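Chemist: File follows, target_10.csv with CSV, N, CA and C atoms:
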chain,number,residue,atom,x,y,z
A,8,MET,N,91.9,104.1,109.4
A,8,MET,CA,92.0,103.0,108.5
A,8,MET,C,90.8,102.0,108.7
A,9,LYS,N,90.3,101.5,107.6
A,9,LYS,CA,89.2,100.6,107.7
A,9,LYS,C,89.6,99.2,108.2
A,10,THR,N,88.6,98.5,108.8
A,10,THR,CA,89.0,97.2,109.3
A,10,THR,C,89.0,96.2,108.2
A,11,LYS,N,89.7,95.1,108.4
A,11,LYS,CA,89.9,94.1,107.4
A,11,LYS,C,88.5,93.5,107.0
A,12,GLU,N,87.6,93.4,108.0
A,12,GLU,CA,86.3,92.9,107.7
A,12,GLU,C,85.5,93.9,106.8
A,13,ALA,N,85.6,95.2,107.1
A,13,ALA,CA,84.9,96.2,106.3
A,13,ALA,C,85.4,96.2,104.8
A,14,ILE,N,86.7,96.0,104.7
A,14,ILE,CA,87.3,96.0,103.3
A,14,ILE,C,86.9,94.8,102.6
A,15,GLN,N,86.8,93.6,103.3
A,15,GLN,CA,86.4,92.4,102.6
A,15,GLN,C,84.9,92.5,102.2
A,16,GLU,N,84.1,93.1,103.1
A,16,GLU,CA,82.7,93.2,102.8
A,16,GLU,C,82.5,94.2,101.6
A,17,GLU,N,83.3,95.2,101.5
A,17,GLU,CA,83.2,96.1,100.4
A,17,GLU,C,83.6,95.4,99.1
A,18,GLU,N,84.7,94.6,99.1
A,18,GLU,CA,85.1,93.9,98.0
A,18,GLU,C,84.0,92.9,97.5
A,19,GLU,N,83.4,92.2,98.4
A,19,GLU,CA,82.3,91.3,98.1
A,19,GLU,C,81.1,92.0,97.5
A,20,HIS,N,80.8,93.2,98.0
A,20,HIS,CA,79.7,94.0,97.4
A,20,HIS,C,80.0,94.4,96.0
A,21,ILE,N,81.2,94.8,95.7
A,21,ILE,CA,81.6,95.2,94.4
A,21,ILE,C,81.5,94.0,93.4
A,22,ARG,N,82.0,92.9,93.9
A,22,ARG,CA,82.0,91.7,93.1
A,22,ARG,C,80.6,91.2,92.8
A,23,LYS,N,79.7,91.4,93.7
A,23,LYS,CA,78.3,91.1,93.5
A,23,LYS,C,77.7,92.0,92.4
A,24,LEU,N,78.0,93.3,92.5
A,24,LEU,CA,77.5,94.2,91.5
A,24,LEU,C,78.0,93.8,90.1
A,25,VAL,N,79.3,93.4,90.0
A,25,VAL,CA,79.9,93.1,88.7
A,25,VAL,C,79.3,91.8,88.2
A,26,ARG,N,79.0,90.9,89.0
A,26,ARG,CA,78.3,89.6,88.6
A,26,ARG,C,77.0,89.9,87.9
A,27,GLU,N,76.3,91.0,88.4
A,27,GLU,CA,75.0,91.3,87.8
A,27,GLU,C,75.1,92.1,86.5
A,28,LEU,N,76.3,92.5,86.1
A,28,LEU,CA,76.4,93.2,84.8
A,28,LEU,C,76.1,92.3,83.6
A,29,PRO,N,75.6,92.9,82.5
A,29,PRO,CA,75.5,92.1,81.3
A,29,PRO,C,76.9,91.6,80.9
A,30,ASP,N,76.9,90.5,80.1
A,30,ASP,CA,78.2,89.9,79.7
A,30,ASP,C,79.2,90.8,79.1
A,31,GLU,N,78.8,91.7,78.2
A,31,GLU,CA,79.7,92.6,77.5
A,31,GLU,C,80.3,93.6,78.5
A,32,LYS,N,79.5,94.1,79.4
A,32,LYS,CA,80.0,95.1,80.4
A,32,LYS,C,80.9,94.4,81.4
A,33,ARG,N,80.5,93.2,81.8
A,33,ARG,CA,81.4,92.4,82.7
A,33,ARG,C,82.7,92.1,82.1
A,34,LEU,N,82.8,91.8,80.8
A,34,LEU,CA,84.0,91.5,80.2
A,34,LEU,C,84.9,92.8,80.1
A,35,LEU,N,84.2,93.9,79.8
A,35,LEU,CA,84.9,95.2,79.8
A,35,LEU,C,85.5,95.6,81.2
A,36,PHE,N,84.7,95.3,82.2
A,36,PHE,CA,85.1,95.5,83.6
A,36,PHE,C,86.4,94.7,83.9
A,37,PHE,N,86.4,93.4,83.6
A,37,PHE,CA,87.5,92.6,83.9
A,37,PHE,C,88.7,92.9,83.1
A,38,GLN,N,88.5,93.3,81.8
A,38,GLN,CA,89.7,93.7,81.0
A,38,GLN,C,90.4,94.9,81.6
A,39,GLN,N,89.6,95.9,82.1
A,39,GLN,CA,90.1,97.1,82.7
A,39,GLN,C,90.8,96.8,84.0
A,40,ALA,N,90.1,96.0,84.8
A,40,ALA,CA,90.6,95.7,86.1
A,40,ALA,C,91.9,94.9,86.1
A,41,GLU,N,92.1,94.1,85.1
A,41,GLU,CA,93.3,93.3,84.9
A,41,GLU,C,94.5,94.3,84.7
A,42,LYS,N,94.3,95.4,84.1
A,42,LYS,CA,95.3,96.4,83.8
A,42,LYS,C,95.7,97.2,85.0
A,43,GLU,N,94.7,97.4,85.9
A,43,GLU,CA,94.8,98.4,87.0
A,43,GLU,C,95.0,97.9,88.4
A,44,LEU,N,94.6,96.7,88.6
A,44,LEU,CA,94.7,96.1,90.0
A,44,LEU,C,96.1,95.8,90.4
A,45,LYS,N,96.4,96.0,91.6
A,45,LYS,CA,97.8,95.9,92.1
A,45,LYS,C,97.9,94.6,92.9
A,46,ASP,N,99.1,94.0,93.0
A,46,ASP,CA,99.4,92.8,93.7
A,46,ASP,C,100.0,93.1,95.1
A,47,PRO,N,99.3,92.5,96.1
A,47,PRO,CA,99.8,92.8,97.5
A,47,PRO,C,101.2,92.3,97.7
A,48,ASP,N,101.6,91.2,97.1
A,48,ASP,CA,103.0,90.7,97.2
A,48,ASP,C,104.0,91.6,96.7
A,49,THR,N,103.7,92.2,95.5
A,49,THR,CA,104.6,93.2,95.0
A,49,THR,C,104.8,94.4,95.9
A,50,TYR,N,103.7,94.9,96.4
A,50,TYR,CA,103.7,96.0,97.4
A,50,TYR,C,104.5,95.7,98.6
A,51,ALA,N,104.3,94.5,99.1
A,51,ALA,CA,105.1,94.1,100.3
A,51,ALA,C,106.6,93.9,100.0
A,52,ALA,N,106.9,93.4,98.8
A,52,ALA,CA,108.3,93.2,98.4
A,52,ALA,C,109.0,94.6,98.3
A,53,LEU,N,108.3,95.5,97.7
A,53,LEU,CA,108.8,96.9,97.6
A,53,LEU,C,109.0,97.5,98.9
A,54,ASN,N,108.1,97.3,99.8
A,54,ASN,CA,108.2,97.8,101.2
A,54,ASN,C,109.4,97.2,101.9
A,55,ALA,N,109.5,95.9,101.8
A,55,ALA,CA,110.5,95.1,102.5
A,55,ALA,C,111.9,95.5,102.1
A,56,LEU,N,112.1,96.1,100.9
A,56,LEU,CA,113.4,96.5,100.5
A,56,LEU,C,113.9,97.8,101.3
A,57,PHE,N,112.9,98.4,101.9
A,57,PHE,CA,113.2,99.6,102.7
A,57,PHE,C,113.9,100.7,101.9
A,58,VAL,N,113.8,100.7,100.6
A,58,VAL,CA,114.2,101.9,99.9
A,58,VAL,C,112.9,102.7,99.9
A,59,ALA,N,112.8,103.4,101.0
A,59,ALA,CA,111.6,104.1,101.4
A,59,ALA,C,110.8,104.7,100.3
A,60,GLY,N,109.6,104.4,100.2
A,60,GLY,CA,108.7,105.1,99.2
A,60,GLY,C,108.3,104.3,98.0
A,61,LEU,N,109.1,103.3,97.6
A,61,LEU,CA,108.8,102.6,96.4
A,61,LEU,C,107.4,102.0,96.4
A,62,HIS,N,107.0,101.4,97.5
A,62,HIS,CA,105.7,100.8,97.6
A,62,HIS,C,104.5,101.9,97.5
A,63,HIS,N,104.8,103.1,97.9
A,63,HIS,CA,103.8,104.2,97.7
A,63,HIS,C,103.7,104.6,96.3
A,64,PHE,N,104.8,104.6,95.6
A,64,PHE,CA,104.8,104.9,94.1
A,64,PHE,C,104.0,103.9,93.4
A,65,TYR,N,104.1,102.6,93.8
A,65,TYR,CA,103.4,101.5,93.2
A,65,TYR,C,101.9,101.7,93.2
A,66,LEU,N,101.4,102.3,94.3
A,66,LEU,CA,100.0,102.5,94.4
A,66,LEU,C,99.6,103.9,94.0
A,67,GLY,N,100.5,104.7,93.4
A,67,GLY,CA,100.2,106.0,92.8
A,67,GLY,C,100.2,107.1,93.9
A,68,GLN,N,100.7,106.8,95.1
A,68,GLN,CA,100.8,107.8,96.1
A,68,GLN,C,102.1,108.6,96.0
A,69,TRP,N,102.1,109.5,95.1
A,69,TRP,CA,103.4,110.2,94.7
A,69,TRP,C,103.9,111.1,95.8
A,70,VAL,N,103.0,111.8,96.5
A,70,VAL,CA,103.5,112.7,97.5
A,70,VAL,C,104.1,111.9,98.7
A,71,ARG,N,103.4,110.9,99.2
A,71,ARG,CA,103.9,110.1,100.3
A,71,ARG,C,105.1,109.4,99.9
A,72,GLY,N,105.2,108.9,98.7
A,72,GLY,CA,106.4,108.2,98.3
A,72,GLY,C,107.6,109.1,98.2
A,73,SER,N,107.3,110.3,97.7
A,73,SER,CA,108.4,111.3,97.6
A,73,SER,C,108.9,111.7,99.0
A,74,ILE,N,108.0,111.9,99.9
A,74,ILE,CA,108.4,112.3,101.3
A,74,ILE,C,109.3,111.2,101.9
A,75,ASN,N,108.8,109.9,101.7
A,75,ASN,CA,109.6,108.8,102.3
A,75,ASN,C,110.9,108.7,101.6
A,76,LEU,N,111.0,108.8,100.3
A,76,LEU,CA,112.2,108.7,99.6
A,76,LEU,C,113.2,109.8,100.0
A,77,PHE,N,112.7,111.0,100.2
A,77,PHE,CA,113.5,112.2,100.6
A,77,PHE,C,114.1,111.9,102.0
A,78,ILE,N,113.3,111.4,102.9
A,78,ILE,CA,113.8,111.1,104.3
A,78,ILE,C,114.8,110.0,104.2
A,79,PHE,N,114.6,109.0,103.4
A,79,PHE,CA,115.6,107.9,103.3
A,79,PHE,C,116.9,108.4,102.7
A,80,VAL,N,116.8,109.2,101.7
A,80,VAL,CA,118.0,109.8,101.0
A,80,VAL,C,118.7,110.7,102.0
A,81,ALA,N,117.9,111.6,102.7
A,81,ALA,CA,118.5,112.5,103.7
A,81,ALA,C,119.3,111.7,104.8
A,82,GLY,N,118.7,110.6,105.2
A,82,GLY,CA,119.3,109.7,106.2
A,82,GLY,C,120.6,109.2,105.7
A,83,MET,N,120.6,108.7,104.5
A,83,MET,CA,121.9,108.2,103.9
A,83,MET,C,122.9,109.3,103.7
A,84,VAL,N,122.5,110.5,103.3
A,84,VAL,CA,123.5,111.6,103.2
A,84,VAL,C,124.1,111.9,104.5
A,85,PHE,N,123.2,112.1,105.6
A,85,PHE,CA,123.8,112.3,106.9
A,85,PHE,C,124.7,111.2,107.4
A,86,LEU,N,124.3,110.0,107.1
A,86,LEU,CA,125.1,108.9,107.5
A,86,LEU,C,126.5,108.9,106.9
A,87,PHE,N,126.6,109.2,105.6
A,87,PHE,CA,127.9,109.2,104.9
A,87,PHE,C,128.6,110.5,105.0
A,88,ALA,N,127.9,111.5,105.5
A,88,ALA,CA,128.6,112.8,105.7
A,88,ALA,C,129.2,113.0,107.1
A,89,GLY,N,129.1,112.0,107.9
A,89,GLY,CA,129.7,112.0,109.2
A,89,GLY,C,128.8,112.3,110.3
A,90,HIS,N,127.5,112.5,110.0
A,90,HIS,CA,126.5,112.8,111.0
A,90,HIS,C,125.8,111.4,111.2
A,91,VAL,N,126.5,110.5,111.8
A,91,VAL,CA,126.0,109.1,111.9
A,91,VAL,C,124.7,109.0,112.7
A,92,THR,N,124.7,109.7,113.8
A,92,THR,CA,123.5,109.7,114.7
A,92,THR,C,122.3,110.2,114.0
A,93,VAL,N,122.4,111.3,113.3
A,93,VAL,CA,121.2,111.8,112.6
A,93,VAL,C,120.8,110.9,111.5
A,94,GLY,N,121.8,110.4,110.8
A,94,GLY,CA,121.5,109.5,109.6
A,94,GLY,C,120.8,108.2,110.1
A,95,ILE,N,121.3,107.6,111.1
A,95,ILE,CA,120.7,106.4,111.6
A,95,ILE,C,119.3,106.7,112.2
A,96,GLY,N,119.2,107.8,112.9
A,96,GLY,CA,117.9,108.2,113.5
A,96,GLY,C,116.8,108.3,112.4
A,97,LEU,N,117.2,109.0,111.3
A,97,LEU,CA,116.2,109.1,110.2
A,97,LEU,C,115.9,107.8,109.6
A,98,LEU,N,116.9,107.0,109.4
A,98,LEU,CA,116.6,105.6,108.8
A,98,LEU,C,115.8,104.8,109.7
A,99,ILE,N,116.0,104.8,111.0
A,99,ILE,CA,115.2,104.0,111.9
A,99,ILE,C,113.8,104.6,111.9
A,100,ALA,N,113.7,105.9,112.0
A,100,ALA,CA,112.3,106.5,112.0
A,100,ALA,C,111.5,106.1,110.8
A,101,ILE,N,112.1,106.2,109.6
A,101,ILE,CA,111.3,105.9,108.4
A,101,ILE,C,111.0,104.4,108.3
A,102,SER,N,111.9,103.6,108.8
A,102,SER,CA,111.7,102.1,108.9
A,102,SER,C,110.6,101.8,109.8
A,103,LEU,N,110.5,102.4,111.0
A,103,LEU,CA,109.5,102.1,111.9
A,103,LEU,C,108.1,102.5,111.4
A,104,VAL,N,108.1,103.6,110.7
A,104,VAL,CA,106.8,104.1,110.1
A,104,VAL,C,106.3,103.1,109.0
A,105,GLU,N,107.3,102.6,108.2
A,105,GLU,CA,107.0,101.8,107.1
A,105,GLU,C,106.7,100.3,107.5
A,106,LEU,N,107.1,99.9,108.7
A,106,LEU,CA,106.8,98.6,109.2
A,106,LEU,C,105.3,98.3,109.3
A,107,LYS,N,104.6,99.4,109.7
A,107,LYS,CA,103.1,99.2,109.7
A,107,LYS,C,102.6,98.9,108.3
A,108,ALA,N,103.1,99.6,107.3
A,108,ALA,CA,102.6,99.4,106.0
A,108,ALA,C,103.0,98.0,105.5
A,109,LEU,N,104.2,97.5,105.9
A,109,LEU,CA,104.6,96.2,105.5
A,109,LEU,C,103.7,95.1,106.1
A,110,PHE,N,103.3,95.2,107.4
A,110,PHE,CA,102.5,94.2,108.0
A,110,PHE,C,101.0,94.3,107.5
A,111,ALA,N,100.6,95.5,107.0
A,111,ALA,CA,99.3,95.7,106.6
A,111,ALA,C,99.2,95.7,105.1
A,112,ALA,N,100.2,95.2,104.4
A,112,ALA,CA,100.2,95.2,102.9
A,112,ALA,C,99.0,94.6,102.3
A,113,GLN,N,98.6,93.5,102.7
A,113,GLN,CA,97.4,92.8,102.1
A,113,GLN,C,96.2,93.7,102.2
A,114,ILE,N,95.9,94.3,103.3
A,114,ILE,CA,94.7,95.1,103.6
A,114,ILE,C,94.8,96.4,102.8
A,115,LEU,N,96.0,97.0,102.8
A,115,LEU,CA,96.2,98.3,102.1
A,115,LEU,C,96.0,98.2,100.6
A,116,VAL,N,96.5,97.1,100.0
A,116,VAL,CA,96.3,96.9,98.6
A,116,VAL,C,94.9,96.5,98.3
A,117,GLN,N,94.3,95.7,99.1
A,117,GLN,CA,92.9,95.3,98.9
A,117,GLN,C,92.0,96.5,98.9
A,118,ASP,N,92.2,97.4,99.9
A,118,ASP,CA,91.5,98.7,99.9
A,118,ASP,C,91.7,99.5,98.7
A,119,TYR,N,92.9,99.6,98.2
A,119,TYR,CA,93.2,100.3,97.0
A,119,TYR,C,92.5,99.7,95.8
A,120,ASN,N,92.6,98.3,95.7
A,120,ASN,CA,91.9,97.6,94.6
A,120,ASN,C,90.4,97.8,94.6
A,121,ASN,N,89.8,97.8,95.8
A,121,ASN,CA,88.4,98.1,95.9
A,121,ASN,C,88.0,99.4,95.3
A,122,ALA,N,88.8,100.4,95.6
A,122,ALA,CA,88.6,101.8,95.1
A,122,ALA,C,88.7,101.8,93.5
A,123,VAL,N,89.7,101.0,93.0
A,123,VAL,CA,89.9,100.9,91.6
A,123,VAL,C,88.7,100.2,91.0
A,124,MET,N,88.3,99.1,91.6
A,124,MET,CA,87.1,98.3,91.0
A,124,MET,C,85.9,99.1,91.0
A,125,GLU,N,85.7,99.9,92.1
A,125,GLU,CA,84.5,100.7,92.2
A,125,GLU,C,84.5,101.8,91.1
A,126,ARG,N,85.7,102.4,90.8
A,126,ARG,CA,85.8,103.4,89.8
A,126,ARG,C,85.5,102.8,88.4
A,127,ILE,N,86.1,101.6,88.2
A,127,ILE,CA,85.9,100.9,86.9
A,127,ILE,C,84.4,100.6,86.7
A,128,TYR,N,83.8,100.1,87.8
A,128,TYR,CA,82.4,99.7,87.7
A,128,TYR,C,81.5,100.9,87.4
A,129,ARG,N,81.8,102.0,88.0
A,129,ARG,CA,81.0,103.2,87.7
A,129,ARG,C,81.2,103.7,86.3
A,130,ALA,N,82.4,103.5,85.7
A,130,ALA,CA,82.6,103.9,84.4
A,130,ALA,C,81.9,103.0,83.4
A,131,VAL,N,81.9,101.7,83.7
A,131,VAL,CA,81.3,100.7,82.9
A,131,VAL,C,79.8,100.9,82.8
A,132,ILE,N,79.2,101.2,83.9
A,132,ILE,CA,77.7,101.3,83.9
A,132,ILE,C,77.3,102.6,83.3
A,133,LYS,N,78.2,103.6,83.2
A,133,LYS,CA,77.8,104.8,82.5
A,133,LYS,C,77.7,104.6,81.0
A,134,ASP,N,78.5,103.7,80.5
A,134,ASP,CA,78.6,103.6,79.0
A,134,ASP,C,77.4,102.9,78.5
What would the structure in this file look like if it were written as structure tokens?
Modeler:
Amino acid sequence: MKTKEAIQEEEEHIRKLVRELPDEKRLLFFQQAEKELKDPDTYAALNALFVAGLHHFYLGQWVRGSINLFIFVAGMVFLFAGHVTVGIGLLIAISLVELKALFAAQILVQDYNNAVMERIYRAVIKD
């Protein structure tokens, strides 16, 4: 994972490139970015709910979200099917894994948004 400083430098670099765009291309960039950029608070709220995987779906990480959701559902099924130890173990395991994402929500979403801004920038300068 990139450091917070590296992600912030990358964001500043992209913003500098966007500032140098002609007005019409800069407007196009911001219109597209407004539609596609994600909010770190929404990501953190989805993660805090611990319905495992929702925050990954929010960032378009369908495989990871599906795996987390499957583990969460499996844990619930085991829990209510009488295999309490296995169910609780799965729920604790997925919660511990996702705690890292919860505490790094700001950085994870900023890194995602940087990739989105870079993709939009490249598309805008091609036109």
Chemist: Using DSSP on the backbone coordinates, identify the residues of chain A assigned to alpha helix (DSSP H); present them as number ranges by chain.
Modeler: A: 11-26, 30-43, 47-55, 61-65, 69-87, 91-110, 112-133
Chemist: Go through A:Ile101, A:Phe77, A:Tyr119, A:His63 and flag the residue nearest A:Ile14, using only C-alpha atoms for the distances.
Modeler: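 For A:Ile14, the nearest of the given residues is A:Tyr119.
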Chemist: Quick one: pull the distance between atom CA of A:Glu43 and atom CA of A:Val123, Å, one decimal.
Modeler: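 For atom CA of A:Glu43 relative to atom CA of A:Val123, the distance reads 7.2 Å.
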Chemist: Check the smallest atom-to-atom distance from each of A:Ile99, A:Ala59, A:Val91, A:Ile114 to A:Glu12 using only C-alpha atoms, then report the winner.
Modeler: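 For A:Glu12, the nearest of the candidates is A:Ile114.
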Chemist: Measuring between only C-alpha atoms, which one of A:Gly72, A:Pro29, A:Pro47, A:Gly94 shows the shortest distance to A:Ala112?
Modeler: A:Pro47
Chemist: Please work out which residues fall within 12 Å of (113.6, 113.5, 100.8), coordinates as given in the file, with only C-alpha atoms counting, and return them as an mmCIF file with N, CA and C atoms, in the coordinates of the input.
Modeler:
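part_23.cif written:
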data_model
loop_
_atom_site.group_PDB
_atom_site.id
_atom_site.type_symbol
_atom_site.label_atom_id
_atom_site.label_comp_id
_atom_site.auth_asym_id
_atom_site.auth_seq_id
_atom_site.Cartn_x
_atom_site.Cartn_y
_atom_site.Cartn_z
ATOM 1 N N VAL A 58 113.800 100.700 100.600
ATOM 2 C CA VAL A 58 114.200 101.900 99.900
ATOM 3 C C VAL A 58 112.900 102.700 99.900
ATOM 4 N N ALA A 59 112.800 103.400 101.000
ATOM 5 C CA ALA A 59 111.600 104.100 101.400
ATOM 6 C C ALA A 59 110.800 104.700 100.300
ATOM 7 N N GLY A 60 109.600 104.400 100.200
ATOM 8 C CA GLY A 60 108.700 105.100 99.200
ATOM 9 C C GLY A 60 108.300 104.300 98.000
ATOM 10 N N VAL A 70 103.000 111.800 96.500
ATOM 11 C CA VAL A 70 103.500 112.700 97.500
ATOM 12 C C VAL A 70 104.100 111.900 98.700
ATOM 13 N N ARG A 71 103.400 110.900 99.200
ATOM 14 C CA ARG A 71 103.900 110.100 100.300
ATOM 15 C C ARG A 71 105.100 109.400 99.900
ATOM 16 N N GLY A 72 105.200 108.900 98.700
ATOM 17 C CA GLY A 72 106.400 108.200 98.300
ATOM 18 C C GLY A 72 107.600 109.100 98.200
ATOM 19 N N SER A 73 107.300 110.300 97.700
ATOM 20 C CA SER A 73 108.400 111.300 97.600
ATOM 21 C C SER A 73 108.900 111.700 99.000
ATOM 22 N N ILE A 74 108.000 111.900 99.900
ATOM 23 C CA ILE A 74 108.400 112.300 101.300
ATOM 24 C C ILE A 74 109.300 111.200 101.900
ATOM 25 N N ASN A 75 108.800 109.900 101.700
ATOM 26 C CA ASN A 75 109.600 108.800 102.300
ATOM 27 C C ASN A 75 110.900 108.700 101.600
ATOM 28 N N LEU A 76 111.000 108.800 100.300
ATOM 29 C CA LEU A 76 112.200 108.700 99.600
ATOM 30 C C LEU A 76 113.200 109.800 100.000
ATOM 31 N N PHE A 77 112.700 111.000 100.200
ATOM 32 C CA PHE A 77 113.500 112.200 100.600
ATOM 33 C C PHE A 77 114.100 111.900 102.000
ATOM 34 N N ILE A 78 113.300 111.400 102.900
ATOM 35 C CA ILE A 78 113.800 111.100 104.300
ATOM 36 C C ILE A 78 114.800 110.000 104.200
ATOM 37 N N PHE A 79 114.600 109.000 103.400
ATOM 38 C CA PHE A 79 115.600 107.900 103.300
ATOM 39 C C PHE A 79 116.900 108.400 102.700
ATOM 40 N N VAL A 80 116.800 109.200 101.700
ATOM 41 C CA VAL A 80 118.000 109.800 101.000
ATOM 42 C C VAL A 80 118.700 110.700 102.000
ATOM 43 N N ALA A 81 117.900 111.600 102.700
ATOM 44 C CA ALA A 81 118.500 112.500 103.700
ATOM 45 C C ALA A 81 119.300 111.700 104.800
ATOM 46 N N GLY A 82 118.700 110.600 105.200
ATOM 47 C CA GLY A 82 119.300 109.700 106.200
ATOM 48 C C GLY A 82 120.600 109.200 105.700
ATOM 49 N N MET A 83 120.600 108.700 104.500
ATOM 50 C CA MET A 83 121.900 108.200 103.900
ATOM 51 C C MET A 83 122.900 109.300 103.700
ATOM 52 N N VAL A 84 122.500 110.500 103.300
ATOM 53 C CA VAL A 84 123.500 111.600 103.200
ATOM 54 C C VAL A 84 124.100 111.900 104.500
ATOM 55 N N PHE A 85 123.200 112.100 105.600
ATOM 56 C CA PHE A 85 123.800 112.300 106.900
ATOM 57 C C PHE A 85 124.700 111.200 107.400
ATOM 58 N N LEU A 97 117.200 109.000 111.300
ATOM 59 C CA LEU A 97 116.200 109.100 110.200
ATOM 60 C C LEU A 97 115.900 107.800 109.600
ATOM 61 N N LEU A 98 116.900 107.000 109.400
ATOM 62 C CA LEU A 98 116.600 105.600 108.800
ATOM 63 C C LEU A 98 115.800 104.800 109.700
ATOM 64 N N ILE A 101 112.100 106.200 109.600
ATOM 65 C CA ILE A 101 111.300 105.900 108.400
ATOM 66 C C ILE A 101 111.000 104.400 108.300
#
Chemist: If we count all atoms listed in the file and set the cut-off at 6.5 Å, which residues sit around stretch 130-133 of chain A, ignoring sequence neighbours fewer than 3 positions away in its own chain? Please answer as a count of residues only.
Modeler: 5
Chemist: Rounded to one decimal place, report the atom CA of A:Lys42-atom CA of A:Ala122 distance in Å.
Modeler: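 That distance, rounded to one decimal, is 14.2 Å.
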